[in-house]
$ cat my_file23.txt   # compact mmCIF, C-alpha atoms
# COMPACT_ATOMS: atom_id res chain seq x y z
CA MET O 577 -38.18 -10.10 -0.88
CA GLU O 578 -38.83 -12.93 1.56
CA GLU O 579 -35.88 -14.46 3.35
CA LYS O 580 -36.19 -17.86 1.71
CA ALA O 581 -36.28 -16.33 -1.77
CA PHE O 582 -33.33 -14.08 -0.91
CA ARG O 583 -31.29 -17.06 0.31
CA ASP O 584 -31.99 -18.90 -2.94
CA TRP O 585 -31.03 -15.84 -4.92
CA LEU O 586 -27.82 -15.28 -2.93
CA SER O 587 -26.89 -18.98 -3.27
CA SER O 588 -26.68 -18.48 -7.01
CA TYR O 589 -23.73 -16.13 -6.32
CA THR O 590 -21.88 -17.49 -3.29
CA ASP O 591 -22.02 -19.66 -0.16
CA CYS O 592 -25.17 -18.12 1.30
CA GLU O 593 -24.72 -19.37 4.88
CA ALA O 594 -21.08 -18.22 5.11
CA CYS O 595 -22.03 -14.88 3.57
CA LEU O 596 -24.92 -14.11 5.91
CA SER O 597 -23.12 -15.34 9.00
CA ALA O 598 -20.01 -13.21 8.23
CA PHE O 599 -22.25 -10.26 7.40
CA ARG O 600 -23.81 -10.43 10.87
CA SER O 601 -20.44 -10.55 12.62
CA GLN O 602 -18.57 -7.95 10.60
CA LYS O 603 -15.42 -6.46 12.08
CA GLN O 604 -14.80 -2.77 12.35
CA PHE O 605 -11.90 -1.38 10.36
CA PHE O 606 -10.27 2.01 10.09
CA ARG O 607 -7.64 3.62 7.96
CA VAL O 608 -4.82 5.74 9.34
CA ASN O 609 -4.79 9.15 7.66
CA THR O 610 -1.21 9.21 6.37
CA ILE O 611 -1.62 12.87 5.42
CA LYS O 612 -1.28 13.58 9.15
CA ILE O 613 0.48 10.62 10.75
CA SER O 614 2.23 7.39 9.76
CA ALA O 615 0.68 4.03 10.67
CA GLY O 616 3.70 3.27 12.87
CA GLU O 617 3.43 6.51 14.83
CA PHE O 618 -0.31 6.07 15.17
CA ALA O 619 0.06 2.55 16.55
CA GLY O 620 2.58 3.85 19.09
CA LYS O 621 0.24 6.55 20.37
CA SER O 622 -3.25 5.11 20.17
CA ALA O 623 -4.76 3.12 23.01
CA LEU O 624 -7.44 1.63 20.76
CA LYS O 625 -7.21 -2.15 20.82
CA CYS O 626 -6.47 -2.82 17.17
CA ALA O 627 -4.32 -4.97 14.89
CA PRO O 628 -2.82 -4.18 11.49
CA VAL O 629 -4.62 -5.67 8.50
CA PRO O 630 -2.41 -8.07 6.49
CA TYR O 631 -3.64 -6.75 3.12
CA TYR O 632 -2.82 -3.10 3.70
CA GLY O 633 -0.35 -1.60 6.12
CA ASP O 634 -2.27 1.62 6.74
CA ALA O 635 -5.48 -0.15 7.83
CA PHE O 636 -6.31 -1.59 11.23
CA GLU O 637 -9.01 -3.86 12.57
CA LEU O 638 -10.57 -3.02 15.90
CA GLN O 639 -10.12 -6.06 18.12
CA GLU O 640 -12.39 -4.82 20.82
CA ARG O 641 -15.23 -2.42 20.25
CA PRO O 642 -14.69 0.54 22.59
CA SER O 643 -17.47 1.44 24.99
CA PHE O 644 -17.62 4.88 23.37
CA GLN O 645 -18.13 6.00 19.79
CA ILE O 646 -15.03 6.14 17.60
CA GLY O 647 -16.14 9.66 16.69
CA ARG O 648 -15.40 10.72 20.27
CA THR O 649 -11.71 9.87 20.25
CA TRP O 650 -8.79 12.22 19.72
CA GLU O 651 -7.76 10.03 16.82
CA TYR O 652 -11.02 10.85 15.05
CA PHE O 653 -11.30 14.48 16.13
CA LEU O 654 -7.76 15.28 14.99
CA GLY O 655 -8.29 13.48 11.68
CA LEU O 656 -5.63 10.85 12.29
CA MET O 657 -7.93 7.99 11.32
CA HIS O 658 -11.12 7.30 9.43
CA PRO O 659 -13.51 4.39 10.09
CA GLN O 660 -14.00 2.58 6.78
CA SER O 661 -14.90 -0.92 5.64
CA MET O 662 -12.06 -2.98 4.21
CA PRO O 663 -13.51 -3.41 0.68
CA SER O 664 -14.13 0.33 0.50
CA ILE O 665 -10.42 0.86 1.24
CA LEU O 666 -9.59 -1.62 -1.52
CA ALA O 667 -11.59 0.28 -4.14
CA SER O 668 -9.19 3.26 -3.91
CA LEU O 669 -6.20 0.91 -3.89
CA ALA O 670 -7.53 -0.75 -7.05
CA LEU O 671 -7.46 2.62 -8.80
CA GLY O 672 -4.04 3.52 -7.33
CA PRO O 673 -3.97 7.31 -7.81
CA LYS O 674 -0.46 8.77 -7.69
CA PRO O 675 0.91 12.15 -6.58
CA GLY O 676 0.62 14.73 -9.37
CA GLU O 677 -2.19 12.99 -11.26
CA THR O 678 -5.58 14.49 -12.09
CA VAL O 679 -8.24 12.26 -10.56
CA LEU O 680 -12.04 12.34 -10.47
CA ASP O 681 -14.34 10.72 -7.91
CA VAL O 682 -17.77 10.84 -9.54
CA ALA O 683 -19.88 10.12 -6.44
CA SER O 684 -17.55 11.19 -3.66
CA ALA O 685 -19.71 11.94 -0.57
CA PRO O 686 -19.29 11.27 2.31
CA GLY O 687 -15.61 11.15 1.36
CA SER O 688 -14.09 7.90 2.65
CA LYS O 689 -12.60 6.77 -0.65
CA PHE O 690 -12.05 10.37 -1.69
CA SER O 691 -9.91 11.19 1.33
CA HIS O 692 -8.07 7.88 0.95
CA MET O 693 -7.19 8.80 -2.62
CA ALA O 694 -5.87 12.18 -1.41
CA ALA O 695 -3.63 10.29 1.03
CA LEU O 696 -2.42 7.97 -1.74
CA MET O 697 -1.66 11.09 -3.82
CA ARG O 698 0.17 12.54 -0.80
CA ASN O 699 -2.04 15.62 -1.16
CA ARG O 700 -0.42 16.41 -4.55
CA GLY O 701 -2.04 16.75 -7.95
CA VAL O 702 -5.72 17.55 -8.42
CA LEU O 703 -8.51 15.48 -6.95
CA VAL O 704 -12.01 16.44 -8.04
CA GLY O 705 -14.84 15.23 -5.84
CA ASN O 706 -18.33 15.36 -7.25
CA ASP O 707 -21.71 14.64 -5.72
CA LEU O 708 -25.09 15.77 -6.84
CA LYS O 709 -26.75 16.05 -3.46
CA GLY O 710 -26.01 19.23 -1.51
CA GLU O 711 -26.62 17.71 1.93
CA LYS O 712 -24.12 14.96 1.19
CA VAL O 713 -21.55 17.54 0.10
CA SER O 714 -21.57 19.11 3.57
CA ALA O 715 -20.63 15.67 4.98
CA LEU O 716 -17.89 15.51 2.37
CA TYR O 717 -16.53 18.89 3.47
CA SER O 718 -16.61 17.78 7.07
CA THR O 719 -14.51 14.71 6.17
CA ILE O 720 -11.95 16.51 4.03
CA ASN O 721 -11.48 19.34 6.54
CA ARG O 722 -10.98 16.89 9.39
CA LEU O 723 -8.54 14.77 7.38
CA ASN O 724 -6.69 17.78 5.93
CA VAL O 725 -7.30 17.00 2.27
CA LEU O 726 -5.85 19.97 0.41
CA ASN O 727 -5.47 18.94 -3.23
CA CYS O 728 -9.18 18.86 -3.93
CA ILE O 729 -11.98 20.65 -5.71
CA ILE O 730 -15.62 19.89 -4.98
CA THR O 731 -18.36 20.01 -7.59
CA THR O 732 -22.08 19.25 -7.47
CA LEU O 733 -22.80 18.09 -11.00
CA ASP O 734 -25.08 15.34 -12.29
CA GLY O 735 -22.73 12.33 -12.44
CA SER O 736 -24.56 10.94 -15.46
CA ARG O 737 -23.97 14.12 -17.45
CA LEU O 738 -20.49 15.33 -16.56
CA PRO O 739 -19.18 18.15 -18.76
CA TRP O 740 -15.59 16.84 -18.92
CA LYS O 741 -14.09 15.05 -21.91
CA SER O 742 -10.72 13.27 -21.75
CA ARG O 743 -9.68 15.32 -18.72
CA PHE O 744 -8.59 12.87 -16.00
CA ASP O 745 -5.76 10.37 -15.59
CA LYS O 746 -7.93 8.24 -13.32
CA VAL O 747 -11.61 8.08 -12.42
CA LEU O 748 -13.40 6.32 -9.57
CA LEU O 749 -17.10 5.58 -9.93
CA ASP O 750 -18.42 4.01 -6.76
CA ALA O 751 -21.94 4.04 -8.07
CA PRO O 752 -25.17 4.50 -6.15
CA CYS O 753 -26.55 0.97 -5.73
CA THR O 754 -29.01 -1.19 -3.82
CA ALA O 755 -26.33 -1.67 -1.13
CA LEU O 756 -27.13 -5.30 -0.35
CA GLY O 757 -23.49 -5.81 0.66
CA SER O 758 -23.47 -3.00 3.20
CA GLY O 759 -26.79 -3.76 4.80
CA MET O 760 -28.36 -0.45 3.84
CA GLY O 761 -30.46 -2.18 1.18
CA ALA O 762 -31.58 -5.05 3.40
CA TYR O 763 -33.17 -7.89 1.48
CA ASP O 764 -36.61 -7.38 3.03
CA ARG O 765 -36.78 -4.02 1.26
CA TRP O 766 -35.13 -5.27 -1.92
CA GLU O 767 -36.64 -6.82 -5.05
CA PRO O 768 -34.76 -7.74 -8.25
CA GLU O 769 -36.65 -4.92 -10.00
CA ASN O 770 -34.83 -2.42 -7.78
CA SER O 771 -31.52 -3.53 -9.27
CA ALA O 772 -32.88 -3.49 -12.79
CA LYS O 773 -34.17 0.04 -12.22
CA ILE O 774 -30.97 1.54 -10.81
CA SER O 775 -28.90 -0.25 -13.44
CA GLY O 776 -29.99 2.33 -16.04
CA LEU O 777 -28.57 5.18 -13.96
CA GLN O 778 -25.37 3.23 -13.31
CA LYS O 779 -24.89 2.65 -17.04
CA ARG O 780 -25.33 6.36 -17.79
CA MET O 781 -22.93 7.31 -15.02
CA LEU O 782 -20.32 4.85 -16.27
CA PHE O 783 -20.49 6.27 -19.81
CA SER O 784 -20.15 9.78 -18.41
CA ALA O 785 -17.22 8.80 -16.15
CA TYR O 786 -15.52 7.02 -19.05
CA ASP O 787 -15.86 10.11 -21.26
CA ALA O 788 -14.09 12.17 -18.59
CA LEU O 789 -11.11 9.81 -18.71
CA LYS O 790 -8.03 10.59 -20.83
CA PRO O 791 -7.08 8.01 -23.48
CA GLY O 792 -4.90 5.43 -21.75
CA GLY O 793 -6.40 6.31 -18.36
CA ALA O 794 -7.84 3.89 -15.80
CA LEU O 795 -11.32 3.78 -14.27
CA VAL O 796 -12.56 1.78 -11.30
CA TYR O 797 -16.26 0.93 -11.22
CA SER O 798 -17.45 -0.42 -7.89
CA THR O 799 -20.63 -1.01 -5.91
CA CYS O 800 -21.49 -2.45 -2.52
CA THR O 801 -24.08 -4.85 -3.86
CA TYR O 802 -24.17 -8.40 -5.25
CA ALA O 803 -26.70 -8.15 -8.10
CA LYS O 804 -25.09 -8.76 -11.48
CA GLU O 805 -27.47 -6.27 -13.09
CA GLU O 806 -25.66 -3.54 -11.15
CA ASN O 807 -22.18 -4.93 -11.67
CA GLU O 808 -21.06 -7.09 -14.60
CA GLU O 809 -24.03 -6.05 -16.73
CA VAL O 810 -23.21 -2.35 -16.33
CA VAL O 811 -19.57 -2.91 -17.27
CA LYS O 812 -20.51 -5.20 -20.16
CA ASN O 813 -22.79 -2.50 -21.54
CA LEU O 814 -19.84 -0.09 -21.67
CA LEU O 815 -17.44 -2.59 -23.21
CA GLU O 816 -19.96 -3.47 -25.92
CA ASN O 817 -20.63 0.13 -26.84
CA VAL O 818 -17.24 1.79 -26.55
CA PRO O 819 -14.39 0.62 -28.76
CA GLY O 820 -11.07 0.46 -26.92
CA ALA O 821 -12.43 -0.07 -23.42
CA SER O 822 -11.11 -3.20 -21.71
CA LEU O 823 -11.08 -4.84 -18.30
CA GLU O 824 -7.81 -5.09 -16.41
CA MET O 825 -6.52 -7.37 -13.68
CA ILE O 826 -6.61 -5.76 -10.23
CA PRO O 827 -3.29 -6.35 -8.53
CA LEU O 828 -4.61 -6.88 -5.00
CA ASP O 829 -3.70 -10.03 -3.13
CA ILE O 830 -6.89 -10.51 -1.14
CA PRO O 831 -9.44 -13.30 -0.68
CA HIS O 832 -12.26 -12.87 -3.20
CA GLU O 833 -14.35 -14.58 -5.84
CA LYS O 834 -13.89 -13.76 -9.50
CA GLY O 835 -16.43 -11.79 -11.53
CA LEU O 836 -19.15 -13.75 -13.33
CA ALA O 837 -17.79 -15.49 -16.45
CA GLU O 838 -21.30 -15.72 -17.93
CA TYR O 839 -20.60 -12.19 -19.19
CA GLY O 840 -17.31 -13.28 -20.77
CA GLU O 841 -13.99 -14.72 -19.60
CA GLU O 842 -12.50 -11.27 -19.09
CA PHE O 843 -15.01 -10.62 -16.28
CA ARG O 844 -12.99 -13.02 -14.16
CA LYS O 845 -10.62 -10.06 -13.75
CA CYS O 846 -13.27 -8.34 -11.59
CA LEU O 847 -13.39 -8.86 -7.82
CA ARG O 848 -16.48 -10.05 -6.00
CA ILE O 849 -15.76 -9.58 -2.32
CA TYR O 850 -18.34 -11.19 -0.04
CA PRO O 851 -18.53 -10.65 3.74
CA GLN O 852 -16.90 -14.05 4.43
CA HIS O 853 -13.72 -12.96 2.60
CA LEU O 854 -12.70 -10.01 4.76
CA ASN O 855 -15.25 -10.06 7.58
CA SER O 856 -16.52 -6.81 6.17
CA GLU O 857 -19.19 -5.64 3.75
CA GLY O 858 -19.76 -7.07 0.28
CA PHE O 859 -18.30 -5.28 -2.74
CA PHE O 860 -17.81 -5.52 -6.50
CA ILE O 861 -14.70 -3.93 -8.00
CA SER O 862 -13.74 -3.70 -11.67
CA ARG O 863 -10.93 -1.80 -13.38
CA ILE O 864 -11.35 -0.53 -16.93
CA ARG O 865 -8.65 0.87 -19.21
CA LYS O 866 -9.49 3.43 -21.88
CA GLY O 867 -7.80 2.65 -25.18
CA SER O 868 -5.33 5.20 -26.54
CA ALA O 869 -6.79 7.46 -29.21
CA MET N 9 -12.86 39.38 -10.94
CA THR N 10 -10.05 41.86 -10.23
CA PHE N 11 -11.76 42.71 -6.98
CA ILE N 12 -11.83 39.04 -5.97
CA ALA N 13 -8.20 38.59 -6.98
CA ASN N 14 -7.22 41.63 -4.90
CA LYS N 15 -9.24 40.34 -1.97
CA GLU N 16 -7.46 37.00 -2.18
CA ARG N 17 -4.08 38.69 -2.33
CA ASN N 18 -5.01 40.80 0.68
CA PHE N 19 -6.17 37.73 2.56
CA GLN N 20 -2.93 35.93 1.83
CA LYS N 21 -1.02 39.03 3.01
CA TYR N 22 -3.14 38.98 6.17
CA LEU N 23 -2.31 35.30 6.76
CA GLU N 24 1.38 36.07 6.40
CA ASN N 25 1.28 39.06 8.75
CA HIS N 26 -1.08 37.69 11.39
CA PHE N 27 -0.27 33.96 11.44
CA GLY N 28 3.15 33.90 9.75
CA MET N 29 1.43 31.47 7.38
CA VAL N 30 2.42 30.93 3.75
CA LEU N 31 0.11 28.66 1.80
CA PRO N 32 1.82 26.08 -0.40
CA PRO N 33 1.43 27.00 -4.10
CA GLU N 34 0.07 23.59 -5.07
CA VAL N 35 -2.85 23.83 -2.66
CA ALA N 36 -6.05 23.79 -4.65
CA ILE N 37 -8.64 23.71 -1.92
CA PHE N 38 -11.30 26.16 -2.88
CA TYR N 39 -13.16 28.61 -0.75
CA SER N 40 -15.88 30.75 -2.23
CA GLU N 41 -14.17 33.80 -0.86
CA GLY N 42 -10.79 32.38 -0.33
CA VAL N 43 -7.93 30.52 -1.83
CA ARG N 44 -7.76 29.41 -5.40
CA ALA N 45 -4.49 28.27 -6.88
CA GLY N 46 -2.90 28.00 -10.31
CA ASN N 47 -4.78 26.50 -13.22
CA ARG N 48 -7.55 25.16 -10.98
CA GLU N 49 -9.48 28.21 -12.16
CA ILE N 50 -10.46 26.25 -15.25
CA TRP N 51 -13.15 24.64 -13.16
CA LYS N 52 -14.34 27.76 -11.44
CA ASN N 53 -17.84 27.67 -12.88
CA ASP N 54 -18.47 24.17 -11.59
CA ILE N 55 -16.93 24.50 -8.17
CA LYS N 56 -18.96 24.32 -5.01
CA GLY N 57 -16.90 26.41 -2.63
CA GLU N 58 -16.77 26.64 1.13
CA LYS N 59 -16.43 29.84 3.08
CA GLY N 60 -12.80 30.38 4.07
CA TYR N 61 -12.98 33.82 5.67
CA ALA N 62 -15.07 36.89 6.15
CA ALA N 63 -13.91 40.45 5.74
CA CYS N 64 -14.41 42.52 8.89
CA ASP N 65 -13.40 45.89 10.31
CA ALA N 66 -10.13 44.51 11.62
CA GLY N 67 -9.30 43.00 8.24
CA PHE N 68 -10.22 39.36 7.94
CA LYS N 69 -11.66 36.60 10.06
CA PRO N 70 -10.79 33.05 8.93
CA THR N 71 -13.33 30.25 9.38
CA ASN N 72 -12.73 27.27 11.66
CA SER N 73 -12.59 24.91 8.68
CA PHE N 74 -9.92 27.07 7.08
CA ILE N 75 -7.88 26.94 10.30
CA GLN N 76 -8.50 23.20 10.60
CA ASN N 77 -6.88 22.79 7.20
CA PHE N 78 -4.06 25.28 7.43
CA GLY N 79 -3.53 25.83 11.16
CA HIS N 80 -0.44 23.63 11.17
CA LEU N 81 1.29 26.21 8.96
CA ALA N 82 0.85 29.05 11.48
CA THR N 83 3.95 30.34 13.26
CA LYS N 84 2.37 33.34 15.03
CA ASN N 85 -0.79 33.76 17.10
CA VAL N 86 -0.69 30.11 18.04
CA VAL N 87 -1.82 28.93 21.49
CA GLU N 88 -0.21 25.60 22.40
CA VAL N 89 -2.18 23.85 25.13
CA ASP N 90 -1.78 20.63 27.08
CA GLU N 91 -4.11 17.67 26.63
CA ARG N 92 -6.42 18.65 29.46
CA LYS N 93 -6.98 22.13 28.04
CA ALA N 94 -7.24 20.75 24.51
CA LYS N 95 -10.11 18.53 25.67
CA GLU N 96 -11.87 21.51 27.20
CA PHE N 97 -11.43 23.47 23.99
CA ALA N 98 -12.69 20.54 21.88
CA VAL N 99 -15.89 20.45 23.91
CA GLY N 100 -16.44 24.18 23.34
CA ARG N 101 -14.95 25.91 26.38
CA GLY N 102 -12.67 28.94 26.21
CA LEU N 103 -9.16 29.24 27.60
CA GLY N 104 -7.96 31.56 30.38
CA GLY N 105 -4.57 32.83 31.55
CA ILE N 106 -3.11 33.02 28.05
CA ALA N 107 -0.27 35.46 27.35
CA LEU N 108 0.36 36.28 23.71
CA GLU N 109 2.12 39.21 22.05
CA GLY N 110 0.06 41.57 19.93
CA LYS N 111 -3.38 43.14 20.00
CA GLY N 112 -5.35 39.93 19.93
CA GLY N 113 -7.73 38.53 17.32
CA PRO N 114 -7.95 35.08 15.68
CA VAL N 115 -5.62 32.41 17.04
CA VAL N 116 -4.88 28.79 16.21
CA VAL N 117 -5.28 26.48 19.20
CA ARG N 118 -2.96 23.48 18.96
CA CYS N 119 -1.97 20.52 21.11
CA ALA N 120 1.36 18.81 20.41
CA GLY N 121 1.34 20.36 16.94
CA PHE N 122 -2.18 19.12 16.08
CA THR N 123 -4.74 21.84 15.33
CA ILE N 124 -7.75 21.74 17.66
CA GLY N 125 -9.54 24.77 16.22
CA LEU N 126 -10.00 28.49 15.93
CA GLY N 127 -10.11 30.89 18.88
CA ASP N 128 -10.37 34.64 19.38
CA TYR N 129 -7.73 36.10 21.72
CA ASP N 130 -8.70 38.97 23.99
CA ALA N 131 -5.36 40.58 24.96
CA LYS N 132 -6.89 42.65 27.78
CA GLU N 133 -8.60 39.72 29.49
CA ARG N 134 -5.89 37.24 28.42
CA LYS N 135 -8.64 34.87 27.34
CA VAL N 136 -9.33 32.84 24.21
CA ARG N 137 -12.96 32.65 23.13
CA ASN N 138 -13.89 29.37 21.48
CA LEU N 139 -14.88 29.76 17.80
CA VAL N 140 -15.21 26.05 16.98
CA PRO N 141 -18.71 25.53 15.52
CA GLU N 142 -21.11 23.51 17.65
CA LYS N 143 -21.43 20.65 15.18
CA ARG N 144 -17.67 20.15 15.29
CA ARG N 145 -17.39 20.14 19.11
CA ARG N 146 -16.84 16.78 20.82
CA LYS N 147 -16.45 15.34 24.29
CA ILE N 148 -13.24 13.40 23.86
CA ASN N 149 -12.51 10.00 25.42
CA ASP N 150 -9.10 8.93 26.69
CA SER N 151 -7.73 6.60 24.09
CA PHE N 152 -4.93 8.61 22.61
CA ARG N 153 -2.07 10.81 23.76
CA PRO N 154 -1.42 13.51 21.18
CA GLY N 155 1.69 14.71 22.99
$ encode --input "my_file23.txt" --output "structure tokens"
Amino acid sequence: MEEKAFRDWLSSYTDCEACLSAFRSQKQFFRVNTIKISAGEFAGKSALKCAPVPYYGDAFELQERPSFQIGRTWEYFLGLMHPQSMPSILASLALGPKPGETVLDVASAPGSKFSHMAALMRNRGVLVGNDLKGEKVSALYSTINRLNVLNCIITTLDGSRLPWKSRFDKVLLDAPCTALGSGMGAYDRWEPENSAKISGLQKRMLFSAYDALKPGGALVYSTCTYAKEENEEVVKNLLENVPGASLEMIPLDIPHEKGLAEYGEEFRKCLRIYPQHLNSEGFFISRIRKGSA
Amino acid sequence: MTFIANKERNFQKYLENHFGMVLPPEVAIFYSEGVRAGNREIWKNDIKGEKGYAACDAGFKPTNSFIQNFGHLATKNVVEVDERKAKEFAVGRGLGGIALEGKGGPVVVRCAGFTIGLGDYDAKERKVRNLVPEKRRRKINDSFRPG
């Protein structure tokens, strides 16, 4: 898509200039791996120039980009921290997995949210990480071994046809998407048809993830893109076809815009996080509750 | 199945004898030839495992990723090194002048309690051979003091 057309399209969602300018000057964030070290102890030992993030005590913002790669620090090598965008950290917080629960991450590689959920569960309970692509699973293993995630099982099943019914207390579906918010799906390679095309897969994956959820359980559906066809429309499709499914408020006190009310008032419970909100990538986060049987 | 269960039991016995390591019962991390705990077996047909050890003449040889995960639980055959030596080990070099009790074999290399990786101790030469896989090795910058 040409830049002018993309700007017009983006303006229908948010302040285009603020969004693109913040996107170009994104800050670098990381999360302390509380499985291995507390945020306080980390801050006392690390020489990285960083400041705590006001929205989450275990996350830090790099104030000065080091002259070397983060991957070449002791902090990284020893698995004491994990570079991760702020909205990606928030997706796991929106689900809020607890120690002892049974939790599924449908598309878990390379493992940022997955390992964060393990930390939130204090390495207790069962965390199932799934990803269809074998090469991505080796990256997932590298992450979980480095971060000492022990309460996990890895599977390589088709996320749109999961075999589990009513098995999990909580499910995270951070769906494959056109990634306009993270820069990987840059607008010059993107056309609205791309979103329409991937939307079908996202809808199938959401049905499958929802089936795996126990009655009364909670599911977070997120993407790192802006297109409504990949966000509200996918969630709406589930709500219209599954009795008992409903959207929930996400108790996170962060700057954001509400979900698009053109799909219904309840979609205002969803979070649309644009780069200008957190100086990080763009994200959509929704939380769905499965009705009791 | 019985064979695998026996092999797992033997491996756990090996861990206890060699490393003084007892795995927590709730640990569910799965290795294709390694540890499987409790009712996690219900998923066994779907699980994509990772190699945790290999059987060898001397008994067992754990993998580096296994040691990365469980090295902090070891109480025997542990080589504690200072930061300078830890950096050398992280980049792939071996360690010299090490005195450990026993016949040698796999050791956990740690710095200030943090696991750096797996080594192989040669009691005669008093050396530790580096068994950290190449893709995991790193030249470390000075931003952090583990100790």
$ residues_around --input "my_file23.txt" --residues "N:Phe78" --least-positions-apart "6" --cutoff "10 Å" --atoms "only C-alpha atoms" --output "VMD selection string"
(chain O and resid 721 724 726) or (chain N and resid 29 to 32 72 116 123)
$ atom_distance --input "my_file23.txt" --atom1 "atom CA of O:Gly705" --atom2 "atom CA of O:Leu782"
15.7 Å
$ closest_residue --input "my_file23.txt" --among "N:Gly113, N:Gly121, N:Gly67, N:Gly104" --to "chain O" --atoms "all atoms listed in the file"
N:Gly121
$ closest_atom_pairs --input "my_file23.txt" --of "chain O" --to "chain N" --cutoff "7 Å" --atoms "all atoms listed in the file" --output "tab-separated table"
residue	atom	partner	partner_atom	distance
O:Lys621	CA	N:Arg153	CA	5.9
O:Ser622	CA	N:Phe152	CA	4.6
O:Ala623	CA	N:Ser151	CA	4.7
O:Leu624	CA	N:Ser151	CA	6.0
O:Arg648	CA	N:Ile148	CA	5.0
O:Thr649	CA	N:Asn149	CA	5.2
O:Trp650	CA	N:Phe152	CA	6.0
O:Glu651	CA	N:Phe152	CA	6.6
O:Leu654	CA	N:Phe122	CA	6.9
O:Asn721	CA	N:Asn77	CA	5.8
O:Arg722	CA	N:Gln76	CA	6.9
O:Asn724	CA	N:Asn77	CA	5.2
O:Leu726	CA	N:Ile37	CA	5.2
O:Asn727	CA	N:Ala36	CA	5.1
O:Cys728	CA	N:Ile37	CA	5.3
O:Ile729	CA	N:Ile37	CA	5.9
O:Ile730	CA	N:Lys56	CA	5.5
O:Thr731	CA	N:Ile55	CA	4.7
O:Thr732	CA	N:Lys56	CA	6.4
$ atom_distance --input "my_file23.txt" --atom1 "atom CA of O:Val679" --atom2 "atom CA of O:Lys746"
4.9 Å
$ closest_residue --input "my_file23.txt" --among "O:Ala694, O:Met781, O:Leu671, O:Leu716" --to "O:Ser862" --atoms "only C-alpha atoms"
O:Leu671
$ residues_around --input "my_file23.txt" --residues "O:Leu596" --least-positions-apart "2" --cutoff "12 Å" --atoms "only C-alpha atoms" --output "VMD selection string"
chain O and resid 579 582 to 583 586 to 587 590 to 594 598 to 602 756 to 759 762 to 763 850 to 853 855 to 858
$ atom_distance --input "my_file23.txt" --atom1 "atom CA of N:His80" --atom2 "atom CA of N:Val136"
18.3 Å
$ axis_aligned_box --input "my_file23.txt" --around "stretch 581-600 of chain O" --padding-each-side "8 Å" --output "AutoDock Vina command-line options"
--center_x -28.1 --center_y -15.0 --center_z 1.9 --size_x 32.3 --size_y 25.4 --size_z 33.9
$ closest_residue --input "my_file23.txt" --among "N:Tyr61, N:Phe27, N:Tyr22, N:Phe97" --to "N:Arg137" --atoms "all atoms listed in the file"
N:Phe97
$ residues_around --input "my_file23.txt" --residues "O:Arg863" --least-positions-apart "2" --cutoff "9 Å" --atoms "only C-alpha atoms" --output "JSON, numbers by chain"
{"O": [670, 671, 794, 795, 796, 797, 798, 822, 823, 824, 825, 826, 845, 846, 861, 865]}
$ closest_residue --input "my_file23.txt" --among "O:Leu638, O:Ala615, O:Met577, O:Val747" --to "O:Glu769" --atoms "all atoms listed in the file"
O:Met577
$ closest_residue --input "my_file23.txt" --among "O:Leu828, O:Cys800, O:Ala695, O:Leu703" --to "O:Lys612" --atoms "only C-alpha atoms"
O:Ala695
$ residues_around --input "my_file23.txt" --residues "O:Thr799" --least-positions-apart "5" --cutoff "6 Å" --atoms "all atoms listed in the file" --output "number ranges by chain"
O: 750-751, 859-860
$ closest_residue --input "my_file23.txt" --among "N:Arg92, N:Gly60, N:His26, N:Arg101" --to "N:Pro114" --atoms "all atoms listed in the file"
N:His26
$ build_atoms --input "my_file23.txt" --residues "stretch 584-590 of chain O" --atoms "N, CA, C and O atoms" --output "PDB file, in the coordinates of the input"
ATOM      1  N   ASP O 584     -32.132 -18.193  -1.662  1.00  0.00           N
ATOM      2  CA  ASP O 584     -31.990 -18.900  -2.940  1.00  0.00           C
ATOM      3  C   ASP O 584     -31.259 -18.036  -3.952  1.00  0.00           C
ATOM      4  O   ASP O 584     -30.377 -18.494  -4.676  1.00  0.00           O
ATOM      5  N   TRP O 585     -31.661 -16.787  -3.974  1.00  0.00           N
ATOM      6  CA  TRP O 585     -31.030 -15.840  -4.920  1.00  0.00           C
ATOM      7  C   TRP O 585     -29.540 -15.689  -4.617  1.00  0.00           C
ATOM      8  O   TRP O 585     -28.696 -15.769  -5.506  1.00  0.00           O
ATOM      9  N   LEU O 586     -29.212 -15.487  -3.343  1.00  0.00           N
ATOM     10  CA  LEU O 586     -27.820 -15.280  -2.930  1.00  0.00           C
ATOM     11  C   LEU O 586     -26.982 -16.538  -3.187  1.00  0.00           C
ATOM     12  O   LEU O 586     -25.807 -16.455  -3.554  1.00  0.00           O
ATOM     13  N   SER O 587     -27.600 -17.719  -3.035  1.00  0.00           N
ATOM     14  CA  SER O 587     -26.890 -18.980  -3.270  1.00  0.00           C
ATOM     15  C   SER O 587     -26.445 -19.118  -4.720  1.00  0.00           C
ATOM     16  O   SER O 587     -25.522 -19.881  -5.017  1.00  0.00           O
ATOM     17  N   SER O 588     -27.101 -18.406  -5.611  1.00  0.00           N
ATOM     18  CA  SER O 588     -26.680 -18.480  -7.010  1.00  0.00           C
ATOM     19  C   SER O 588     -25.380 -17.690  -7.226  1.00  0.00           C
ATOM     20  O   SER O 588     -24.757 -17.773  -8.282  1.00  0.00           O
ATOM     21  N   TYR O 589     -24.979 -16.914  -6.225  1.00  0.00           N
ATOM     22  CA  TYR O 589     -23.730 -16.130  -6.320  1.00  0.00           C
ATOM     23  C   TYR O 589     -22.605 -16.719  -5.473  1.00  0.00           C
ATOM     24  O   TYR O 589     -21.470 -16.777  -5.895  1.00  0.00           O
ATOM     25  N   THR O 590     -22.933 -17.092  -4.226  1.00  0.00           N
ATOM     26  CA  THR O 590     -21.880 -17.490  -3.290  1.00  0.00           C
ATOM     27  C   THR O 590     -22.453 -18.421  -2.224  1.00  0.00           C
ATOM     28  O   THR O 590     -23.646 -18.736  -2.245  1.00  0.00           O
TER      29      THR O 590
END
